[in-house]
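Colleague: Submitted below is the structure of interest, expressed as structure tokens.
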Amino acid sequence: MANSSSPIGVFDSGIGGTSIWKEIQKLLPNEDSIYLSDSKNAPYGSKGKERIIELAIKNTEFLLNQNCKLIVVACNTATTNAISYLRQTYDVPFIGIEPAIKPASIKTKTKVVGILATKGTLNSELFAKTSSTLNDDIIIKEQVGTGLVELIENGQIRSPEMTKLLESYIHPLLAQNADCLVLGCTHYPYLIPQIRNIVGDNFPIIDSGEAVARQTKNILDKHSILSTSTKKGVHRFYINTKKEILNRFIPETESMTVKELDF
Ligand code: DGL
């Protein structure tokens, strides 16, 4: 049975969820964790709902077999397509991540919010539902980030291809008067320096990482399963392709190990 000393489980289609894992680790440094990078099946964003649910089940069961006490679905695409299924099916608490269009709708002055996300997220019912709760005067300009996840997974963050793709996605949003940009995919926070080169230093770029970490803490607290340890947490990372991909974002130390596994 999982209890307060059990690890937190985190999964994503690849390395993107490490941006969320880092926020959780900052807020809850004494928690142990297990991170699953399903890089073999990335990108999830171009897959259909049923396939995304299948993959989310596989990842969840892997983490439950490791006795995780709570699961963070550190992927907008998996959250928006699969989290209601996961919550109905498993007893463990789930934390999801959704594009932060609500905070952006409060921040925008032009009333035009740009969002960069995967096709799977933008086409999901959950995203449509959240969008429908915004004030009527808010316009959401959606842009699918085709190809961005693949370049990040391939280690091409600082490549001319990345610059070209980002410019082709962001310039039209700016031309349509968007005055803030929501990052609706957990891979994209790693692109912030490149995005800054396009939008400038003062343009709001909004992601949900900190909010997810706070929510993780609240839910652990609510279920009385916050770790009581005073020691730094131990973290195990698993990837079903090459560990070098994760090592670009997660350096290995005594308390952080990265392993290749077939799952
Ligand atoms: N990092 C994921 C997300 O937040 C998935 C990207 C993908 O695999 O397409 O949407």
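Chain lettering (A, B, ...) mirrors the order of the structure tokens, residue numbering begins at 1 for each chain separately, and ligand numbering begins at 1 in order of display.
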Just want the residues within 7 Å of ligand 1, written as a PyMOL selection string, counting only C-alpha atoms and all ligand atoms.
Modeller: chain A and resi 12-14+16-17+42-46+74-78+117-118+121+149+184-187
Colleague: Take the residues from that selection and write them out as a compact mmCIF listing (two decimals), in the first residue's frame, keeping N, CA, C and O atoms.
Modeller:
```txt
# COMPACT_ATOMS: atom_id res chain seq x y z
N ASP A 12 5.35 11.58 -18.83
CA ASP A 12 5.14 12.41 -20.02
C ASP A 12 5.49 11.56 -21.24
O ASP A 12 6.10 10.49 -21.11
N SER A 13 5.16 12.08 -22.41
CA SER A 13 5.52 11.39 -23.65
C SER A 13 7.03 11.45 -23.88
O SER A 13 7.52 10.79 -24.80
N GLY A 14 7.73 12.23 -23.10
CA GLY A 14 9.17 12.36 -23.31
C GLY A 14 9.78 13.14 -22.17
O GLY A 14 9.40 12.95 -21.01
N GLY A 16 9.59 16.42 -21.72
CA GLY A 16 8.90 17.67 -21.41
C GLY A 16 8.48 17.77 -19.95
O GLY A 16 8.63 18.82 -19.30
N GLY A 17 7.99 16.67 -19.41
CA GLY A 17 7.51 16.68 -18.03
C GLY A 17 8.59 16.96 -17.01
O GLY A 17 8.28 17.27 -15.85
N ALA A 42 6.66 9.28 -28.37
CA ALA A 42 6.51 10.72 -28.63
C ALA A 42 6.50 10.96 -30.14
O ALA A 42 7.18 10.23 -30.88
N PRO A 43 5.75 11.92 -30.65
CA PRO A 43 4.87 12.80 -29.87
C PRO A 43 3.47 12.20 -29.68
O PRO A 43 2.98 11.50 -30.55
N TYR A 44 2.88 12.48 -28.51
CA TYR A 44 1.49 12.09 -28.28
C TYR A 44 0.54 13.03 -29.04
O TYR A 44 -0.58 12.65 -29.36
N GLY A 45 1.02 14.24 -29.26
CA GLY A 45 0.15 15.32 -29.75
C GLY A 45 -0.50 15.06 -31.09
O GLY A 45 -1.53 15.65 -31.41
N SER A 46 0.09 14.17 -31.89
CA SER A 46 -0.51 13.91 -33.20
C SER A 46 -1.33 12.62 -33.19
O SER A 46 -1.81 12.17 -34.23
N ALA A 74 2.27 14.79 -16.41
CA ALA A 74 3.03 16.01 -16.73
C ALA A 74 3.03 16.27 -18.23
O ALA A 74 4.08 16.52 -18.84
N CYS A 75 1.86 16.19 -18.81
CA CYS A 75 1.70 16.27 -20.26
C CYS A 75 0.30 16.84 -20.52
O CYS A 75 -0.70 16.26 -20.09
N ASN A 76 0.25 17.98 -21.18
CA ASN A 76 -1.06 18.59 -21.49
C ASN A 76 -1.90 17.67 -22.38
O ASN A 76 -3.11 17.55 -22.21
N THR A 77 -1.23 17.01 -23.33
CA THR A 77 -1.95 16.17 -24.28
C THR A 77 -2.59 14.98 -23.56
O THR A 77 -3.76 14.65 -23.80
N ALA A 78 -1.83 14.33 -22.68
CA ALA A 78 -2.37 13.18 -21.94
C ALA A 78 -3.43 13.64 -20.94
O ALA A 78 -4.45 12.97 -20.75
N ALA A 117 0.39 24.90 -28.60
CA ALA A 117 0.16 23.59 -27.94
C ALA A 117 0.11 22.52 -29.02
O ALA A 117 0.20 22.81 -30.21
N THR A 118 -0.06 21.27 -28.58
CA THR A 118 -0.14 20.19 -29.57
C THR A 118 -1.56 20.12 -30.15
O THR A 118 -2.51 20.63 -29.55
N THR A 121 -4.00 18.46 -27.76
CA THR A 121 -4.50 19.32 -26.68
C THR A 121 -5.55 20.28 -27.22
O THR A 121 -6.64 20.42 -26.65
N VAL A 149 8.21 19.27 -30.52
CA VAL A 149 8.55 18.20 -29.57
C VAL A 149 9.66 17.31 -30.16
O VAL A 149 10.63 16.97 -29.47
N GLY A 184 1.31 25.62 -23.99
CA GLY A 184 0.38 24.54 -23.65
C GLY A 184 0.97 23.16 -23.85
O GLY A 184 0.25 22.22 -24.18
N CYS A 185 2.25 23.02 -23.67
CA CYS A 185 2.92 21.72 -23.77
C CYS A 185 4.12 21.77 -22.84
O CYS A 185 4.85 22.78 -22.81
N THR A 186 4.31 20.70 -22.07
CA THR A 186 5.36 20.75 -21.04
C THR A 186 6.77 20.72 -21.62
O THR A 186 7.73 20.97 -20.91
N HIS A 187 6.90 20.41 -22.90
CA HIS A 187 8.22 20.51 -23.54
C HIS A 187 8.63 21.97 -23.76
O HIS A 187 9.81 22.28 -23.80
```
Colleague: Considering only C-alpha atoms, return as a short mmCIF file (atom, residue, chain, number, x, y, z; two decimals) with N, CA, C and O atoms, in the first residue's frame whatever protein or nucleic-acid residues lie within 9 Å of region 188-199 of chain A, sequence-local ones (same chain, fewer than 5 positions apart) excluded.
Modeller:
```cif
data_model
loop_
_atom_site.label_atom_id
_atom_site.label_comp_id
_atom_site.auth_asym_id
_atom_site.auth_seq_id
_atom_site.Cartn_x
_atom_site.Cartn_y
_atom_site.Cartn_z
N GLY A 16 9.59 16.42 -21.72
CA GLY A 16 8.90 17.67 -21.41
C GLY A 16 8.48 17.77 -19.95
O GLY A 16 8.63 18.82 -19.30
N SER A 19 10.20 19.54 -16.96
CA SER A 19 10.02 20.96 -16.60
C SER A 19 9.04 21.07 -15.42
O SER A 19 9.18 21.95 -14.57
N LEU A 116 0.30 28.20 -27.86
CA LEU A 116 1.07 27.23 -28.64
C LEU A 116 0.92 25.89 -27.91
O LEU A 116 1.25 25.79 -26.72
N ALA A 117 0.39 24.90 -28.60
CA ALA A 117 0.16 23.59 -27.94
C ALA A 117 0.11 22.52 -29.02
O ALA A 117 0.20 22.81 -30.21
N LEU A 148 7.87 20.73 -32.94
CA LEU A 148 8.70 21.27 -31.85
C LEU A 148 9.16 20.16 -30.89
O LEU A 148 10.32 20.10 -30.50
N VAL A 149 8.21 19.27 -30.52
CA VAL A 149 8.55 18.20 -29.57
C VAL A 149 9.66 17.31 -30.16
O VAL A 149 10.63 16.97 -29.47
N ILE A 152 13.00 19.00 -29.88
CA ILE A 152 13.48 19.03 -28.48
C ILE A 152 14.00 17.65 -28.10
O ILE A 152 15.09 17.52 -27.53
N ILE A 157 17.32 22.02 -29.65
CA ILE A 157 16.66 23.21 -29.13
C ILE A 157 17.27 24.48 -29.73
O ILE A 157 16.56 25.39 -30.13
N ARG A 158 18.60 24.52 -29.76
CA ARG A 158 19.26 25.74 -30.27
C ARG A 158 19.66 25.58 -31.73
O ARG A 158 20.81 25.83 -32.08
N MET A 162 14.78 25.08 -35.35
CA MET A 162 13.90 25.48 -34.25
C MET A 162 13.53 26.96 -34.38
O MET A 162 12.35 27.33 -34.25
N THR A 163 14.52 27.81 -34.64
CA THR A 163 14.25 29.24 -34.78
C THR A 163 13.23 29.48 -35.89
O THR A 163 12.27 30.24 -35.71
N LEU A 166 9.71 28.27 -34.79
CA LEU A 166 9.12 29.15 -33.78
C LEU A 166 8.68 30.47 -34.40
O LEU A 166 7.60 30.98 -34.11
N GLU A 167 9.53 31.02 -35.27
CA GLU A 167 9.14 32.29 -35.92
C GLU A 167 7.87 32.11 -36.74
O GLU A 167 6.99 32.96 -36.71
N ILE A 170 4.97 31.97 -34.15
CA ILE A 170 4.71 33.08 -33.24
C ILE A 170 4.44 34.40 -33.98
O ILE A 170 3.58 35.18 -33.56
N HIS A 171 5.11 34.63 -35.09
CA HIS A 171 4.86 35.89 -35.81
C HIS A 171 3.37 36.09 -36.17
O HIS A 171 2.84 37.18 -35.94
N LEU A 174 1.49 37.31 -33.13
CA LEU A 174 1.77 38.71 -32.83
C LEU A 174 1.03 39.61 -33.83
O LEU A 174 0.47 40.64 -33.44
N LEU A 183 2.09 28.67 -23.03
CA LEU A 183 2.80 27.46 -23.48
C LEU A 183 1.98 26.25 -23.04
O LEU A 183 1.95 25.92 -21.86
N PRO A 204 4.63 38.68 -21.79
CA PRO A 204 4.31 37.58 -20.87
C PRO A 204 4.26 36.21 -21.57
O PRO A 204 3.55 36.04 -22.56
N ILE A 205 5.05 35.28 -21.04
CA ILE A 205 5.01 33.88 -21.50
C ILE A 205 4.52 33.08 -20.30
O ILE A 205 5.13 33.11 -19.24
N ASP A 207 3.22 29.63 -18.38
CA ASP A 207 3.07 28.17 -18.35
C ASP A 207 2.54 27.76 -16.99
O ASP A 207 2.41 28.58 -16.08
N GLY A 209 3.64 25.28 -14.83
CA GLY A 209 4.51 24.45 -13.98
C GLY A 209 4.38 24.72 -12.49
O GLY A 209 4.18 23.79 -11.70
#
```
Colleague: I want to know what sits within 9 Å of Ser255 (chain A), based on only C-alpha atoms, with residues of the same chain fewer than 3 positions away left out; could you give that as a list in words?
Modeller: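 My list of contacting residues is Lys232, Gly233, Val234, His235, Arg236 and Glu252 of chain A.
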Colleague: Which is closest to Ile95 (chain A) among A:Cys180, A:Val113, A:Asp201, A:Gln215, if we use only C-alpha atoms?
Modeller: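 Checking each candidate against Ile95 (chain A), we get A:Gln215 as the closest.
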Colleague: Near Gly48 (chain A), within 10 Å and counting only C-alpha atoms, which residues show up once chain neighbours fewer than 2 positions away are dropped, as a PyMOL selection string?
Modeller: chain A and resi 44-46+50-53+81+119-120+123-124
Colleague: Could you please take those selected residues and save C-alpha atoms as a CSV table (one decimal), in the first residue's frame?
Modeller:
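The new file again10.csv reads:
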```
chain,number,residue,atom,x,y,z
A,44,TYR,CA,1.5,12.1,-28.3
A,45,GLY,CA,0.1,15.3,-29.7
A,46,SER,CA,-0.5,13.9,-33.2
A,50,GLU,CA,-8.0,6.3,-27.8
A,51,ARG,CA,-4.3,5.8,-28.4
A,52,ILE,CA,-3.4,8.5,-25.9
A,53,ILE,CA,-5.6,6.8,-23.3
A,81,ASN,CA,-7.4,13.4,-23.4
A,119,LYS,CA,-3.0,19.3,-31.9
A,120,GLY,CA,-4.1,16.7,-29.4
A,123,ASN,CA,-8.6,19.4,-30.3
A,124,SER,CA,-9.6,18.0,-26.9
```
Colleague: I want to know what sits within 12 Å of Thr230 (chain A), based on only C-alpha atoms, with residues of the same chain fewer than 4 positions away left out; could you give that as number ranges by chain?
Modeller: A: 5, 28-32, 226
Colleague: With only C-alpha atoms as the counted atoms, please give the residues lying no more than 8 Å from Arg214 (chain A), apart from itself and same-chain residues fewer than 4 positions off, as a VMD selection string.
Modeller: chain A and resid 24 27 210 218
Colleague: Can you pull out every residue within 12 Å of Pro103 (chain A), counting only C-alpha atoms, but drop anything in the same chain fewer than 3 positions away, and send it as a list in words?
Modeller: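 Selected residues are Glu98, Pro99, Ala100, Ile106, Lys107, Thr108, Val113, Thr130, Ser131, Leu134, Asn135, Ile138, Cys180, Leu181, Val182, Pro204, Ile205, Ile206, Asp207, Ser208 and Ala211 of chain A.
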Colleague: Determine the nearest neighbour of Arg87 (chain A) from the options A:Lys217, A:Asp38, A:Val73, A:Ile20, counting only C-alpha atoms.
Modeller: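 Nearest to Arg87 (chain A): A:Val73.
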Colleague: Please, which residues of region 166-256 of chain A, numbered as in this document, come out alpha helix (DSSP H) from DSSP, as an MDAnalysis selection string?
Modeller: chainID A and resid 166:175 192:199 209:222 243:247
Colleague: For the selection you just gave me, I'd like the residues written to a file as an mmCIF file, in the first residue's frame, keeping N, CA and C atoms.
Modeller:
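What landed in result_28.cif:
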```
data_model
loop_
_atom_site.group_PDB
_atom_site.id
_atom_site.type_symbol
_atom_site.label_atom_id
_atom_site.label_comp_id
_atom_site.auth_asym_id
_atom_site.auth_seq_id
_atom_site.Cartn_x
_atom_site.Cartn_y
_atom_site.Cartn_z
ATOM 1 N N LEU A 166 9.713 28.268 -34.794
ATOM 2 C CA LEU A 166 9.118 29.147 -33.779
ATOM 3 C C LEU A 166 8.683 30.473 -34.400
ATOM 4 N N GLU A 167 9.531 31.020 -35.269
ATOM 5 C CA GLU A 167 9.143 32.286 -35.917
ATOM 6 C C GLU A 167 7.872 32.111 -36.740
ATOM 7 N N SER A 168 7.795 30.966 -37.430
ATOM 8 C CA SER A 168 6.621 30.777 -38.298
ATOM 9 C C SER A 168 5.349 30.595 -37.468
ATOM 10 N N TYR A 169 5.477 30.145 -36.215
ATOM 11 C CA TYR A 169 4.301 29.967 -35.369
ATOM 12 C C TYR A 169 3.951 31.238 -34.594
ATOM 13 N N ILE A 170 4.973 31.967 -34.154
ATOM 14 C CA ILE A 170 4.714 33.083 -33.236
ATOM 15 C C ILE A 170 4.440 34.402 -33.982
ATOM 16 N N HIS A 171 5.106 34.632 -35.092
ATOM 17 C CA HIS A 171 4.858 35.889 -35.809
ATOM 18 C C HIS A 171 3.371 36.091 -36.169
ATOM 19 N N PRO A 172 2.684 35.055 -36.674
ATOM 20 C CA PRO A 172 1.250 35.263 -36.968
ATOM 21 C C PRO A 172 0.419 35.601 -35.718
ATOM 22 N N LEU A 173 0.799 35.045 -34.567
ATOM 23 C CA LEU A 173 0.054 35.355 -33.336
ATOM 24 C C LEU A 173 0.248 36.828 -32.979
ATOM 25 N N LEU A 174 1.485 37.306 -33.132
ATOM 26 C CA LEU A 174 1.769 38.714 -32.827
ATOM 27 C C LEU A 174 1.028 39.612 -33.826
ATOM 28 N N ALA A 175 1.009 39.177 -35.081
ATOM 29 C CA ALA A 175 0.335 39.979 -36.121
ATOM 30 C C ALA A 175 -1.171 40.071 -35.836
ATOM 31 N N ILE A 192 11.934 28.706 -23.894
ATOM 32 C CA ILE A 192 11.703 30.112 -23.515
ATOM 33 C C ILE A 192 12.826 31.048 -24.014
ATOM 34 N N PRO A 193 14.121 30.690 -23.891
ATOM 35 C CA PRO A 193 15.142 31.625 -24.414
ATOM 36 C C PRO A 193 14.961 31.901 -25.913
ATOM 37 N N GLN A 194 14.616 30.863 -26.684
ATOM 38 C CA GLN A 194 14.415 31.042 -28.131
ATOM 39 C C GLN A 194 13.154 31.887 -28.393
ATOM 40 N N ILE A 195 12.125 31.640 -27.588
ATOM 41 C CA ILE A 195 10.876 32.412 -27.773
ATOM 42 C C ILE A 195 11.122 33.888 -27.405
ATOM 43 N N ARG A 196 11.906 34.107 -26.337
ATOM 44 C CA ARG A 196 12.244 35.486 -25.925
ATOM 45 C C ARG A 196 12.926 36.255 -27.053
ATOM 46 N N ASN A 197 13.769 35.551 -27.829
ATOM 47 C CA ASN A 197 14.442 36.225 -28.953
ATOM 48 C C ASN A 197 13.428 36.752 -29.961
ATOM 49 N N ILE A 198 12.251 36.142 -29.999
ATOM 50 C CA ILE A 198 11.230 36.559 -30.971
ATOM 51 C C ILE A 198 10.293 37.619 -30.375
ATOM 52 N N VAL A 199 9.871 37.406 -29.121
ATOM 53 C CA VAL A 199 8.833 38.296 -28.550
ATOM 54 C C VAL A 199 9.409 39.423 -27.687
ATOM 55 N N GLY A 209 3.639 25.279 -14.829
ATOM 56 C CA GLY A 209 4.507 24.453 -13.984
ATOM 57 C C GLY A 209 4.385 24.721 -12.491
ATOM 58 N N GLU A 210 4.471 25.996 -12.093
ATOM 59 C CA GLU A 210 4.410 26.314 -10.657
ATOM 60 C C GLU A 210 3.045 25.955 -10.073
ATOM 61 N N ALA A 211 2.003 26.215 -10.851
ATOM 62 C CA ALA A 211 0.645 25.913 -10.368
ATOM 63 C C ALA A 211 0.479 24.407 -10.145
ATOM 64 N N VAL A 212 1.073 23.610 -11.029
ATOM 65 C CA VAL A 212 0.975 22.150 -10.880
ATOM 66 C C VAL A 212 1.713 21.709 -9.610
ATOM 67 N N ALA A 213 2.852 22.323 -9.352
ATOM 68 C CA ALA A 213 3.604 21.960 -8.145
ATOM 69 C C ALA A 213 2.793 22.311 -6.890
ATOM 70 N N ARG A 214 2.164 23.488 -6.898
ATOM 71 C CA ARG A 214 1.353 23.889 -5.726
ATOM 72 C C ARG A 214 0.176 22.938 -5.543
ATOM 73 N N GLN A 215 -0.444 22.562 -6.656
ATOM 74 C CA GLN A 215 -1.588 21.656 -6.587
ATOM 75 C C GLN A 215 -1.146 20.279 -6.074
ATOM 76 N N THR A 216 0.032 19.842 -6.496
ATOM 77 C CA THR A 216 0.566 18.553 -6.024
ATOM 78 C C THR A 216 0.698 18.596 -4.498
ATOM 79 N N LYS A 217 1.255 19.701 -3.999
ATOM 80 C CA LYS A 217 1.433 19.832 -2.545
ATOM 81 C C LYS A 217 0.068 19.816 -1.842
ATOM 82 N N ASN A 218 -0.887 20.583 -2.376
ATOM 83 C CA ASN A 218 -2.222 20.645 -1.742
ATOM 84 C C ASN A 218 -2.883 19.274 -1.669
ATOM 85 N N ILE A 219 -2.784 18.535 -2.761
ATOM 86 C CA ILE A 219 -3.482 17.232 -2.796
ATOM 87 C C ILE A 219 -2.777 16.213 -1.891
ATOM 88 N N LEU A 220 -1.444 16.261 -1.858
ATOM 89 C CA LEU A 220 -0.734 15.359 -0.933
ATOM 90 C C LEU A 220 -1.157 15.670 0.502
ATOM 91 N N ASP A 221 -1.260 16.960 0.789
ATOM 92 C CA ASP A 221 -1.641 17.402 2.125
ATOM 93 C C ASP A 221 -3.072 16.943 2.451
ATOM 94 N N LYS A 222 -3.962 17.158 1.483
ATOM 95 C CA LYS A 222 -5.367 16.789 1.680
ATOM 96 C C LYS A 222 -5.520 15.292 1.976
ATOM 97 N N LYS A 243 19.124 6.978 -22.789
ATOM 98 C CA LYS A 243 19.175 7.791 -21.575
ATOM 99 C C LYS A 243 19.843 9.150 -21.778
ATOM 100 N N GLU A 244 20.691 9.256 -22.841
ATOM 101 C CA GLU A 244 21.341 10.549 -23.121
ATOM 102 C C GLU A 244 20.294 11.648 -23.324
ATOM 103 N N ILE A 245 19.138 11.263 -23.835
ATOM 104 C CA ILE A 245 18.088 12.268 -24.097
ATOM 105 C C ILE A 245 17.661 12.911 -22.775
ATOM 106 N N LEU A 246 17.459 12.061 -21.759
ATOM 107 C CA LEU A 246 17.064 12.599 -20.448
ATOM 108 C C LEU A 246 18.225 13.314 -19.772
ATOM 109 N N ASN A 247 19.434 12.782 -19.987
ATOM 110 C CA ASN A 247 20.599 13.376 -19.330
ATOM 111 C C ASN A 247 20.860 14.823 -19.767
#
```
Colleague: Have a look at CA of Lys109 (chain A) and CA of Gly200 (chain A) and let me know their distance in Å, one decimal.
Modeller: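 So the two atoms, CA of Lys109 (chain A) and CA of Gly200 (chain A), lie 17.0 Å apart.
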